[in-house]
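See structure below.
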Amino acid sequence: MPELPEVEALKDFLTEHLVGRRIVRVLPVAISVLKTYDPPVTAVEDRVVTAVRRYGKFLGLETDGGPHFVTHLARAGWLHWKDRLPDGPPRPGKGPLALRAALETGAGFDLTEAGTQKRLAVYVVRDPQEVPGVARLGPDPLADDFDEARLTALLAGERRQIKGALRDQGLIAGVGNAYSDEILHAARMSPFKPTSTLTPEETHGLYEALRGTLTEAVERSRGLAAGRLKAEKRSGLRVHGRTGEPCPVCGDTIREVSFSDSSLQYCPTCQTGGRPLADRRMSRLLK
């Protein structure tokens, strides 16, 4: 799933390629992608894009005097930029194409989604706050006013594991499964640590890891073409998605805890005092 750093890089890329240009056609290919109908998706046609914004993991296009086009790429979605779109309208079918947006220049972008779980979403709204996922977002962790005191206050009333808290978009916007693993590895903290047990020193380390990890990921992605962002994300991850590989910090073997629809990765030496975390799903398979 694209998270804050990738969506931030897409925002920068689209700012360069879209702002000041006119959208002439928006063609939904998969009807499931449209989550709003008033205004219709055609309301952004014949309008100039004036700005590109990021709201957590949502990406929004502002149009001159018109509505906002907001998308969430979900787990398997992506945006593909094309300097020249194919001639003729796209054909509905079983392929990954969900929506195509064409500019007056002949360039444009496709929104695609792999797999059968169609969660990619497009909203055309008068105000981004009309999108439920945007309205419930917590503060952006890279905002200038997101300081250590802000993080401390956010976690003060929490009574859950730190991994879940970091992934809660209503608490902190933009962090998902991959970067929460990376942040906790940088903070040398177990993903199962209860937020209620954090000391001031641990909160300080978590804040530094949160800001540092996301800032570094944004800088690595800055200036890359949209098509290269996925590969850059994978290459920059230290523990997430690297089960069985050596930890780049201490050399211990990176381990995994599996859940019904996701998994987390961590280093026992760096994060859990050398103790492997219980993987109940794997334990059941081995019985």
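Chain identifiers are assigned as A, B, and so on, following the order in which chains appear in the structure tokens; residues are numbered from 1 within each chain, and ligands are numbered from 1 in order of appearance.
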Residues of stretch 121-178 of chain A that approach stretch 196-213 of chain A to 10 Å or less, counting only C-alpha atoms: could you list each one with the shortest pair of atoms and its distance in Å to one decimal, rows by chain and increasing residue number, as JSON lines?
{"residue": "A:Pro141", "atom": "CA", "partner": "A:Arg211", "partner_atom": "CA", "distance": 6.8}
{"residue": "A:Leu142", "atom": "CA", "partner": "A:Arg211", "partner_atom": "CA", "distance": 6.5}
{"residue": "A:Ala143", "atom": "CA", "partner": "A:Arg211", "partner_atom": "CA", "distance": 9.7}
{"residue": "A:Phe146", "atom": "CA", "partner": "A:Arg211", "partner_atom": "CA", "distance": 9.2}
{"residue": "A:Asp147", "atom": "CA", "partner": "A:Tyr207", "partner_atom": "CA", "distance": 8.0}
{"residue": "A:Glu148", "atom": "CA", "partner": "A:Tyr207", "partner_atom": "CA", "distance": 6.0}
{"residue": "A:Ala149", "atom": "CA", "partner": "A:His204", "partner_atom": "CA", "distance": 9.3}
{"residue": "A:Arg150", "atom": "CA", "partner": "A:Tyr207", "partner_atom": "CA", "distance": 9.7}
{"residue": "A:Leu151", "atom": "CA", "partner": "A:Tyr207", "partner_atom": "CA", "distance": 7.0}
{"residue": "A:Thr152", "atom": "CA", "partner": "A:Thr203", "partner_atom": "CA", "distance": 6.8}
{"residue": "A:Leu155", "atom": "CA", "partner": "A:Ser196", "partner_atom": "CA", "distance": 7.8}
{"residue": "A:Ala156", "atom": "CA", "partner": "A:Ser196", "partner_atom": "CA", "distance": 7.2}
{"residue": "A:Gly157", "atom": "CA", "partner": "A:Ser196", "partner_atom": "CA", "distance": 7.8}
{"residue": "A:Glu158", "atom": "CA", "partner": "A:Ser196", "partner_atom": "CA", "distance": 6.5}
{"residue": "A:Arg159", "atom": "CA", "partner": "A:Ser196", "partner_atom": "CA", "distance": 5.7}
{"residue": "A:Arg160", "atom": "CA", "partner": "A:Ser196", "partner_atom": "CA", "distance": 7.4}
{"residue": "A:Gln161", "atom": "CA", "partner": "A:Ser196", "partner_atom": "CA", "distance": 8.6}
{"residue": "A:Ile162", "atom": "CA", "partner": "A:Ser196", "partner_atom": "CA", "distance": 9.1}
{"residue": "A:Leu166", "atom": "CA", "partner": "A:Leu210", "partner_atom": "CA", "distance": 9.3}
{"residue": "A:Val175", "atom": "CA", "partner": "A:Leu210", "partner_atom": "CA", "distance": 9.2}
Going by DSSP on the backbone, which bits of stretch 18-260 of chain A are strand (DSSP E or B)? Write them as a PDB file with N, CA and C atoms, in the first residue's frame, please.
ATOM      1  N   ARG A  22      -5.176  21.477 -18.348  1.00  0.00           N
ATOM      2  CA  ARG A  22      -6.618  21.264 -18.362  1.00  0.00           C
ATOM      3  C   ARG A  22      -6.957  19.783 -18.513  1.00  0.00           C
ATOM      4  N   ILE A  23      -7.864  19.325 -17.671  1.00  0.00           N
ATOM      5  CA  ILE A  23      -8.399  17.969 -17.794  1.00  0.00           C
ATOM      6  C   ILE A  23      -9.513  18.001 -18.833  1.00  0.00           C
ATOM      7  N   VAL A  24      -9.412  17.160 -19.848  1.00  0.00           N
ATOM      8  CA  VAL A  24     -10.456  17.151 -20.879  1.00  0.00           C
ATOM      9  C   VAL A  24     -11.381  15.939 -20.763  1.00  0.00           C
ATOM     10  N   ARG A  25     -10.916  14.880 -20.132  1.00  0.00           N
ATOM     11  CA  ARG A  25     -11.772  13.701 -20.036  1.00  0.00           C
ATOM     12  C   ARG A  25     -11.383  12.867 -18.829  1.00  0.00           C
ATOM     13  N   VAL A  26     -12.393  12.384 -18.098  1.00  0.00           N
ATOM     14  CA  VAL A  26     -12.188  11.414 -17.029  1.00  0.00           C
ATOM     15  C   VAL A  26     -13.072  10.215 -17.347  1.00  0.00           C
ATOM     16  N   LEU A  27     -12.443   9.068 -17.514  1.00  0.00           N
ATOM     17  CA  LEU A  27     -13.151   7.872 -17.978  1.00  0.00           C
ATOM     18  C   LEU A  27     -13.056   6.761 -16.941  1.00  0.00           C
ATOM     19  N   PRO A  28     -14.095   6.575 -16.118  1.00  0.00           N
ATOM     20  CA  PRO A  28     -14.098   5.423 -15.212  1.00  0.00           C
ATOM     21  C   PRO A  28     -14.244   4.134 -16.018  1.00  0.00           C
ATOM     22  N   LEU A  34     -15.721   4.642  -8.228  1.00  0.00           N
ATOM     23  CA  LEU A  34     -16.387   5.899  -7.900  1.00  0.00           C
ATOM     24  C   LEU A  34     -17.171   5.764  -6.603  1.00  0.00           C
ATOM     25  N   ARG A  47     -11.578  21.661 -16.828  1.00  0.00           N
ATOM     26  CA  ARG A  47     -11.101  22.526 -15.760  1.00  0.00           C
ATOM     27  C   ARG A  47      -9.582  22.380 -15.626  1.00  0.00           C
ATOM     28  N   VAL A  48      -8.945  23.469 -15.221  1.00  0.00           N
ATOM     29  CA  VAL A  48      -7.497  23.493 -15.046  1.00  0.00           C
ATOM     30  C   VAL A  48      -7.158  23.057 -13.626  1.00  0.00           C
ATOM     31  N   VAL A  49      -6.166  22.195 -13.500  1.00  0.00           N
ATOM     32  CA  VAL A  49      -5.687  21.775 -12.184  1.00  0.00           C
ATOM     33  C   VAL A  49      -4.873  22.916 -11.589  1.00  0.00           C
ATOM     34  N   THR A  50      -5.238  23.364 -10.388  1.00  0.00           N
ATOM     35  CA  THR A  50      -4.561  24.498  -9.757  1.00  0.00           C
ATOM     36  C   THR A  50      -3.615  24.076  -8.643  1.00  0.00           C
ATOM     37  N   ALA A  51      -3.799  22.884  -8.071  1.00  0.00           N
ATOM     38  CA  ALA A  51      -2.916  22.425  -6.988  1.00  0.00           C
ATOM     39  C   ALA A  51      -3.112  20.932  -6.796  1.00  0.00           C
ATOM     40  N   VAL A  52      -2.085  20.295  -6.251  1.00  0.00           N
ATOM     41  CA  VAL A  52      -2.147  18.887  -5.854  1.00  0.00           C
ATOM     42  C   VAL A  52      -1.835  18.823  -4.365  1.00  0.00           C
ATOM     43  N   ARG A  53      -2.678  18.148  -3.607  1.00  0.00           N
ATOM     44  CA  ARG A  53      -2.517  18.078  -2.155  1.00  0.00           C
ATOM     45  C   ARG A  53      -2.415  16.629  -1.700  1.00  0.00           C
ATOM     46  N   ARG A  54      -1.783  16.460  -0.537  1.00  0.00           N
ATOM     47  CA  ARG A  54      -1.785  15.152   0.130  1.00  0.00           C
ATOM     48  C   ARG A  54      -2.502  15.285   1.457  1.00  0.00           C
ATOM     49  N   TYR A  55      -3.410  14.352   1.714  1.00  0.00           N
ATOM     50  CA  TYR A  55      -4.113  14.265   2.996  1.00  0.00           C
ATOM     51  C   TYR A  55      -3.857  12.865   3.547  1.00  0.00           C
ATOM     52  N   PHE A  58      -4.270   9.991   1.210  1.00  0.00           N
ATOM     53  CA  PHE A  58      -5.145  10.426   0.127  1.00  0.00           C
ATOM     54  C   PHE A  58      -4.407  11.449  -0.744  1.00  0.00           C
ATOM     55  N   LEU A  59      -4.719  11.441  -2.032  1.00  0.00           N
ATOM     56  CA  LEU A  59      -4.137  12.374  -2.987  1.00  0.00           C
ATOM     57  C   LEU A  59      -5.270  13.187  -3.596  1.00  0.00           C
ATOM     58  N   GLY A  60      -5.141  14.514  -3.605  1.00  0.00           N
ATOM     59  CA  GLY A  60      -6.220  15.352  -4.102  1.00  0.00           C
ATOM     60  C   GLY A  60      -5.775  16.343  -5.160  1.00  0.00           C
ATOM     61  N   LEU A  61      -6.613  16.524  -6.184  1.00  0.00           N
ATOM     62  CA  LEU A  61      -6.399  17.520  -7.226  1.00  0.00           C
ATOM     63  C   LEU A  61      -7.427  18.628  -7.056  1.00  0.00           C
ATOM     64  N   GLU A  62      -6.970  19.867  -6.979  1.00  0.00           N
ATOM     65  CA  GLU A  62      -7.867  21.019  -6.948  1.00  0.00           C
ATOM     66  C   GLU A  62      -8.026  21.544  -8.365  1.00  0.00           C
ATOM     67  N   THR A  63      -9.254  21.947  -8.722  1.00  0.00           N
ATOM     68  CA  THR A  63      -9.490  22.492 -10.059  1.00  0.00           C
ATOM     69  C   THR A  63      -9.989  23.924  -9.959  1.00  0.00           C
ATOM     70  N   HIS A  68     -13.012  19.043  -6.218  1.00  0.00           N
ATOM     71  CA  HIS A  68     -11.749  18.369  -5.940  1.00  0.00           C
ATOM     72  C   HIS A  68     -11.870  16.900  -6.359  1.00  0.00           C
ATOM     73  N   PHE A  69     -10.820  16.393  -6.967  1.00  0.00           N
ATOM     74  CA  PHE A  69     -10.721  14.982  -7.338  1.00  0.00           C
ATOM     75  C   PHE A  69      -9.792  14.342  -6.318  1.00  0.00           C
ATOM     76  N   VAL A  70     -10.321  13.464  -5.469  1.00  0.00           N
ATOM     77  CA  VAL A  70      -9.550  12.860  -4.385  1.00  0.00           C
ATOM     78  C   VAL A  70      -9.516  11.353  -4.571  1.00  0.00           C
ATOM     79  N   THR A  71      -8.344  10.772  -4.428  1.00  0.00           N
ATOM     80  CA  THR A  71      -8.228   9.322  -4.577  1.00  0.00           C
ATOM     81  C   THR A  71      -7.436   8.707  -3.439  1.00  0.00           C
ATOM     82  N   HIS A  72      -7.800   7.486  -3.095  1.00  0.00           N
ATOM     83  CA  HIS A  72      -7.045   6.661  -2.152  1.00  0.00           C
ATOM     84  C   HIS A  72      -6.681   5.387  -2.900  1.00  0.00           C
ATOM     85  N   GLY A  77      -3.553  -0.440  -5.342  1.00  0.00           N
ATOM     86  CA  GLY A  77      -3.728   0.541  -6.396  1.00  0.00           C
ATOM     87  C   GLY A  77      -2.450   1.301  -6.709  1.00  0.00           C
ATOM     88  N   TRP A  78      -2.437   1.909  -7.893  1.00  0.00           N
ATOM     89  CA  TRP A  78      -1.289   2.745  -8.267  1.00  0.00           C
ATOM     90  C   TRP A  78      -1.707   3.738  -9.329  1.00  0.00           C
ATOM     91  N   LEU A  79      -0.899   4.800  -9.451  1.00  0.00           N
ATOM     92  CA  LEU A  79      -1.092   5.816 -10.470  1.00  0.00           C
ATOM     93  C   LEU A  79       0.033   5.705 -11.487  1.00  0.00           C
ATOM     94  N   HIS A  80      -0.322   5.591 -12.753  1.00  0.00           N
ATOM     95  CA  HIS A  80       0.655   5.451 -13.837  1.00  0.00           C
ATOM     96  C   HIS A  80       0.554   6.679 -14.742  1.00  0.00           C
ATOM     97  N   TRP A  81       1.628   7.444 -14.804  1.00  0.00           N
ATOM     98  CA  TRP A  81       1.655   8.613 -15.669  1.00  0.00           C
ATOM     99  C   TRP A  81       2.036   8.204 -17.078  1.00  0.00           C
ATOM    100  N   LYS A  82       1.387   8.816 -18.074  1.00  0.00           N
ATOM    101  CA  LYS A  82       1.706   8.554 -19.473  1.00  0.00           C
ATOM    102  C   LYS A  82       1.857   9.885 -20.202  1.00  0.00           C
ATOM    103  N   LEU A  97      -7.018  -1.741 -15.036  1.00  0.00           N
ATOM    104  CA  LEU A  97      -7.349  -0.328 -15.228  1.00  0.00           C
ATOM    105  C   LEU A  97      -8.687   0.009 -14.577  1.00  0.00           C
ATOM    106  N   ALA A  98      -8.683   1.047 -13.726  1.00  0.00           N
ATOM    107  CA  ALA A  98      -9.906   1.460 -13.039  1.00  0.00           C
ATOM    108  C   ALA A  98     -10.419   2.809 -13.539  1.00  0.00           C
ATOM    109  N   LEU A  99      -9.503   3.716 -13.897  1.00  0.00           N
ATOM    110  CA  LEU A  99      -9.925   5.051 -14.346  1.00  0.00           C
ATOM    111  C   LEU A  99      -8.798   5.681 -15.137  1.00  0.00           C
ATOM    112  N   ARG A 100      -9.167   6.468 -16.141  1.00  0.00           N
ATOM    113  CA  ARG A 100      -8.186   7.197 -16.950  1.00  0.00           C
ATOM    114  C   ARG A 100      -8.561   8.670 -16.977  1.00  0.00           C
ATOM    115  N   ALA A 101      -7.568   9.533 -16.772  1.00  0.00           N
ATOM    116  CA  ALA A 101      -7.761  10.979 -16.841  1.00  0.00           C
ATOM    117  C   ALA A 101      -6.856  11.528 -17.935  1.00  0.00           C
ATOM    118  N   ALA A 102      -7.445  12.267 -18.879  1.00  0.00           N
ATOM    119  CA  ALA A 102      -6.701  12.775 -20.033  1.00  0.00           C
ATOM    120  C   ALA A 102      -6.613  14.292 -19.984  1.00  0.00           C
ATOM    121  N   LEU A 103      -5.444  14.824 -20.365  1.00  0.00           N
ATOM    122  CA  LEU A 103      -5.226  16.260 -20.432  1.00  0.00           C
ATOM    123  C   LEU A 103      -5.313  16.747 -21.872  1.00  0.00           C
ATOM    124  N   GLY A 108      -1.597  12.166 -19.549  1.00  0.00           N
ATOM    125  CA  GLY A 108      -2.604  11.864 -18.541  1.00  0.00           C
ATOM    126  C   GLY A 108      -2.136  10.755 -17.626  1.00  0.00           C
ATOM    127  N   PHE A 109      -3.073  10.230 -16.839  1.00  0.00           N
ATOM    128  CA  PHE A 109      -2.706   9.151 -15.929  1.00  0.00           C
ATOM    129  C   PHE A 109      -3.799   8.100 -15.853  1.00  0.00           C
ATOM    130  N   ASP A 110      -3.375   6.894 -15.554  1.00  0.00           N
ATOM    131  CA  ASP A 110      -4.269   5.775 -15.296  1.00  0.00           C
ATOM    132  C   ASP A 110      -4.211   5.432 -13.818  1.00  0.00           C
ATOM    133  N   LEU A 111      -5.348   5.121 -13.232  1.00  0.00           N
ATOM    134  CA  LEU A 111      -5.415   4.506 -11.917  1.00  0.00           C
ATOM    135  C   LEU A 111      -5.697   3.033 -12.108  1.00  0.00           C
ATOM    136  N   THR A 112      -4.846   2.179 -11.545  1.00  0.00           N
ATOM    137  CA  THR A 112      -5.011   0.742 -11.703  1.00  0.00           C
ATOM    138  C   THR A 112      -5.075   0.081 -10.329  1.00  0.00           C
ATOM    139  N   GLU A 113      -5.630  -1.122 -10.309  1.00  0.00           N
ATOM    140  CA  GLU A 113      -5.696  -1.883  -9.070  1.00  0.00           C
ATOM    141  C   GLU A 113      -5.570  -3.364  -9.392  1.00  0.00           C
ATOM    142  N   ALA A 121     -10.310   3.982  -4.478  1.00  0.00           N
ATOM    143  CA  ALA A 121     -11.468   4.867  -4.361  1.00  0.00           C
ATOM    144  C   ALA A 121     -11.197   6.223  -4.991  1.00  0.00           C
ATOM    145  N   VAL A 122     -12.194   6.750  -5.665  1.00  0.00           N
ATOM    146  CA  VAL A 122     -12.152   8.098  -6.230  1.00  0.00           C
ATOM    147  C   VAL A 122     -13.386   8.855  -5.750  1.00  0.00           C
ATOM    148  N   TYR A 123     -13.149  10.068  -5.252  1.00  0.00           N
ATOM    149  CA  TYR A 123     -14.223  10.938  -4.781  1.00  0.00           C
ATOM    150  C   TYR A 123     -14.136  12.254  -5.550  1.00  0.00           C
ATOM    151  N   VAL A 124     -15.252  12.751  -6.021  1.00  0.00           N
ATOM    152  CA  VAL A 124     -15.318  14.097  -6.582  1.00  0.00           C
ATOM    153  C   VAL A 124     -16.220  14.902  -5.660  1.00  0.00           C
ATOM    154  N   VAL A 125     -15.617  15.874  -4.974  1.00  0.00           N
ATOM    155  CA  VAL A 125     -16.311  16.578  -3.889  1.00  0.00           C
ATOM    156  C   VAL A 125     -16.045  18.072  -3.973  1.00  0.00           C
ATOM    157  N   GLN A 161      -1.470  -1.677  21.664  1.00  0.00           N
ATOM    158  CA  GLN A 161      -0.096  -1.902  21.242  1.00  0.00           C
ATOM    159  C   GLN A 161       0.348  -0.773  20.315  1.00  0.00           C
ATOM    160  N   PRO A 194       2.780  -2.019  24.856  1.00  0.00           N
ATOM    161  CA  PRO A 194       1.600  -1.190  25.149  1.00  0.00           C
ATOM    162  C   PRO A 194       1.968   0.292  25.201  1.00  0.00           C
ATOM    163  N   PRO A 246      19.156 -10.948   7.086  1.00  0.00           N
ATOM    164  CA  PRO A 246      19.848 -10.399   8.263  1.00  0.00           C
ATOM    165  C   PRO A 246      19.462  -8.945   8.511  1.00  0.00           C
ATOM    166  N   THR A 253      18.487 -12.476  12.466  1.00  0.00           N
ATOM    167  CA  THR A 253      17.522 -12.818  11.419  1.00  0.00           C
ATOM    168  C   THR A 253      16.201 -12.092  11.663  1.00  0.00           C
ATOM    169  N   ARG A 255      12.394 -11.537  11.705  1.00  0.00           N
ATOM    170  CA  ARG A 255      11.293 -12.480  11.896  1.00  0.00           C
ATOM    171  C   ARG A 255       9.956 -11.821  11.577  1.00  0.00           C
ATOM    172  N   GLU A 256       8.919 -12.664  11.556  1.00  0.00           N
ATOM    173  CA  GLU A 256       7.602 -12.216  11.112  1.00  0.00           C
ATOM    174  C   GLU A 256       6.523 -12.705  12.065  1.00  0.00           C
ATOM    175  N   VAL A 257       5.499 -11.899  12.223  1.00  0.00           N
ATOM    176  CA  VAL A 257       4.260 -12.308  12.875  1.00  0.00           C
ATOM    177  C   VAL A 257       3.147 -12.143  11.853  1.00  0.00           C
ATOM    178  N   SER A 258       2.408 -13.229  11.601  1.00  0.00           N
ATOM    179  CA  SER A 258       1.363 -13.212  10.577  1.00  0.00           C
ATOM    180  C   SER A 258      -0.012 -13.044  11.198  1.00  0.00           C
TER     181      SER A 258
END
Sel. of alpha helix (DSSP H) residues, stretch 68-247 of chain A, as a ChimeraX atom specification | /A:132-135,148-156,162-167,177-186,200-221,229-236
Can I get the selection written as a PDB file, in the first residue's frame, with C-alpha atoms?
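So the final result, stored in part31.pdb, reads:
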ATOM      1  CA  PRO A 132     -15.024  10.449   5.302  1.00  0.00           C
ATOM      2  CA  GLY A 133     -11.459   9.137   5.396  1.00  0.00           C
ATOM      3  CA  VAL A 134     -10.035  12.649   5.065  1.00  0.00           C
ATOM      4  CA  ALA A 135     -12.371  14.127   7.676  1.00  0.00           C
ATOM      5  CA  GLU A 148       7.320  15.679  20.538  1.00  0.00           C
ATOM      6  CA  ALA A 149       4.751  17.208  22.868  1.00  0.00           C
ATOM      7  CA  ARG A 150       2.057  16.578  20.236  1.00  0.00           C
ATOM      8  CA  LEU A 151       2.987  12.906  19.973  1.00  0.00           C
ATOM      9  CA  THR A 152       3.063  12.577  23.758  1.00  0.00           C
ATOM     10  CA  ALA A 153      -0.430  14.056  24.016  1.00  0.00           C
ATOM     11  CA  LEU A 154      -1.775  11.789  21.263  1.00  0.00           C
ATOM     12  CA  LEU A 155      -0.489   8.639  22.963  1.00  0.00           C
ATOM     13  CA  ALA A 156      -1.456   9.697  26.479  1.00  0.00           C
ATOM     14  CA  ILE A 162       2.145   0.713  19.659  1.00  0.00           C
ATOM     15  CA  LYS A 163       2.024  -0.898  16.205  1.00  0.00           C
ATOM     16  CA  GLY A 164      -1.754  -0.475  16.066  1.00  0.00           C
ATOM     17  CA  ALA A 165      -1.566   3.081  17.363  1.00  0.00           C
ATOM     18  CA  LEU A 166       0.898   4.131  14.659  1.00  0.00           C
ATOM     19  CA  ARG A 167      -1.328   2.654  11.937  1.00  0.00           C
ATOM     20  CA  ASN A 177       1.968  -1.368   7.856  1.00  0.00           C
ATOM     21  CA  ALA A 178       5.361  -0.994   6.186  1.00  0.00           C
ATOM     22  CA  TYR A 179       6.529   2.263   7.732  1.00  0.00           C
ATOM     23  CA  SER A 180       5.224   1.383  11.187  1.00  0.00           C
ATOM     24  CA  ASP A 181       7.581  -1.627  11.056  1.00  0.00           C
ATOM     25  CA  GLU A 182      10.425   0.645   9.954  1.00  0.00           C
ATOM     26  CA  ILE A 183       9.714   3.269  12.613  1.00  0.00           C
ATOM     27  CA  LEU A 184       9.593   0.708  15.424  1.00  0.00           C
ATOM     28  CA  HIS A 185      12.833  -0.892  14.233  1.00  0.00           C
ATOM     29  CA  ALA A 186      14.529   2.526  14.231  1.00  0.00           C
ATOM     30  CA  PRO A 200       9.428   9.864  28.334  1.00  0.00           C
ATOM     31  CA  GLU A 201      12.743   8.539  26.985  1.00  0.00           C
ATOM     32  CA  GLU A 202      10.963   5.926  24.859  1.00  0.00           C
ATOM     33  CA  THR A 203       8.487   8.497  23.557  1.00  0.00           C
ATOM     34  CA  HIS A 204      11.422  10.731  22.604  1.00  0.00           C
ATOM     35  CA  GLY A 205      13.053   7.843  20.715  1.00  0.00           C
ATOM     36  CA  LEU A 206       9.771   7.017  18.984  1.00  0.00           C
ATOM     37  CA  TYR A 207       9.309  10.634  17.917  1.00  0.00           C
ATOM     38  CA  GLU A 208      12.818  10.815  16.475  1.00  0.00           C
ATOM     39  CA  ALA A 209      12.292   7.509  14.650  1.00  0.00           C
ATOM     40  CA  LEU A 210       8.896   8.593  13.299  1.00  0.00           C
ATOM     41  CA  ARG A 211      10.088  11.889  11.887  1.00  0.00           C
ATOM     42  CA  GLY A 212      13.464  10.558  10.762  1.00  0.00           C
ATOM     43  CA  THR A 213      12.146   7.455   8.989  1.00  0.00           C
ATOM     44  CA  LEU A 214       9.430   9.320   7.102  1.00  0.00           C
ATOM     45  CA  THR A 215      11.668  12.269   6.213  1.00  0.00           C
ATOM     46  CA  GLU A 216      14.389   9.971   4.853  1.00  0.00           C
ATOM     47  CA  ALA A 217      11.838   8.019   2.811  1.00  0.00           C
ATOM     48  CA  VAL A 218      10.399  11.214   1.330  1.00  0.00           C
ATOM     49  CA  GLU A 219      13.875  12.452   0.415  1.00  0.00           C
ATOM     50  CA  ARG A 220      14.739   9.139  -1.270  1.00  0.00           C
ATOM     51  CA  SER A 221      11.571   9.359  -3.350  1.00  0.00           C
ATOM     52  CA  LEU A 229       8.397   4.850  -6.538  1.00  0.00           C
ATOM     53  CA  LYS A 230       7.397   1.271  -5.710  1.00  0.00           C
ATOM     54  CA  ALA A 231      10.911  -0.024  -6.339  1.00  0.00           C
ATOM     55  CA  GLU A 232      12.402   2.810  -4.292  1.00  0.00           C
ATOM     56  CA  LYS A 233      10.120   1.989  -1.370  1.00  0.00           C
ATOM     57  CA  ARG A 234      11.128  -1.694  -1.402  1.00  0.00           C
ATOM     58  CA  SER A 235      14.838  -0.906  -1.658  1.00  0.00           C
ATOM     59  CA  GLY A 236      14.735   1.487   1.293  1.00  0.00           C
TER      60      GLY A 236
END
Would you mind reading off the distance between atom CA of A:Ala278 and atom CA of A:Gly244, one decimal, in Å?
-> 16.0 Å
Could you check how far atom CA of A:Gln169 sits from atom CA of A:Gly138, in Å to one decimal?
-> 6.0 Å
